[in-house]
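Everything on this sheet refers to the single structure shown next.
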Amino acid sequence: MVSTASDAHRPGKMHWDDLQFERRGTKAGWSTYCQSKLANILFTRELSRRLDGSGVTANCLHPGFVNTGFSRNNGSMARLLMTISRPFQRKDTKGAETVVWLAVSEEAEGLTGEYCHNCKPAKPTGRARNDEDAARLWGLSEEMTGTVGAWR
C-alpha cells in the first residue's frame with residue numbers, strides 16, 4: 001500500500017480535541033493540511049505494524065513540490081504565490097517517481113512503515129514517528145468509521 005503524505009507534515013500537530021477542525025474552522029486551512037499529512041504518516045506506520053508478517057507492505061511518501069494546481073481553490077494570495085513559485089515546482093511525472101518506486105521496484109521490496117522521498121527512505125519528524133499517536137489515530141479512525149476490528 002502506498003499513501004501520499006508530504007513534508008508539510010513537519011509543522012503539523014495532531015489536535016486530538018478537534019481532529020476535524022470543527023472549532024477552528026476554515027481559517028485554519030494550512031494547519032488542517034499539515035495535520036492531515038502528519039495523520040497520513042501515523043496511519044501508515046500503524047497499518048504497517050498491523051500488517052506485520054502478512055507479506056503486505058505499507059509506506060508513504062513526500063512527492064516533492066509538484067505543479068498540480070494544488071492552490072486553485074485557495075484565496076488570491078495563495079494562487080499568486082503558487083504561480084510565482086512555478087519555476088521551482090516539479091513536473092507531475094517527477095512527483096510520481098517515488099510512488100512507482102515504492103509500488104514496483106525490487107529495491108523497495110519488503111520496505112514497510114517508511115516515509116520516503118526521492119526513491120529512498122527519509123526521516124519524518126519525531127511527531128510522525130510516535131507509535132502511541134499512531135495507535136491512537138488508528139483507534140479513533142475505527143470509532144469514527146464504525147469499522148472497529150473489521151479492517152482485516
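Identifiers in the C-alpha cells: chain A, B, ... in order shown; residue index from 1 per chain; ligand index from 1 in order shown.
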Near A:Tyr33, counting only C-alpha atoms, which residues have an atom at most 10 Å away, once you skip same-chain residues fewer than 3 positions from it, shown as an mmCIF file with C-alpha atoms, in the first residue's frame?
```cif
data_model
loop_
_atom_site.group_PDB
_atom_site.id
_atom_site.type_symbol
_atom_site.label_atom_id
_atom_site.label_comp_id
_atom_site.auth_asym_id
_atom_site.auth_seq_id
_atom_site.Cartn_x
_atom_site.Cartn_y
_atom_site.Cartn_z
ATOM 1 C CA SER A 6 4.065 15.454 2.429
ATOM 2 C CA ALA A 8 4.003 19.690 5.048
ATOM 3 C CA HIS A 9 3.655 17.281 7.996
ATOM 4 C CA GLY A 12 1.794 19.624 11.726
ATOM 5 C CA ALA A 28 -7.075 27.084 9.785
ATOM 6 C CA GLY A 29 -6.564 25.725 6.262
ATOM 7 C CA TRP A 30 -2.784 25.330 6.330
ATOM 8 C CA SER A 36 -3.727 15.673 7.599
ATOM 9 C CA LYS A 37 -0.263 14.894 6.221
ATOM 10 C CA LEU A 38 1.013 14.048 9.704
ATOM 11 C CA ALA A 39 -2.012 11.772 10.102
#
```
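Of the residues under consideration (A:Asn59, A:Thr4, A:Gln20, A:Ser48), A:Thr4 shows the shortest atom-to-atom contact distance to A:Gly95 when counting only C-alpha atoms.
Of the listed residues (A:Ser31, A:Ser141, A:Asn130, A:Thr98), A:Thr98 comes nearest to A:Cys60; the distances count only C-alpha atoms.
Of the residues listed (A:Glu132, A:Glu142, A:Leu61, A:Tyr115), A:Leu61 shows the shortest atom-to-atom separation from A:Val99; distances use only C-alpha atoms.
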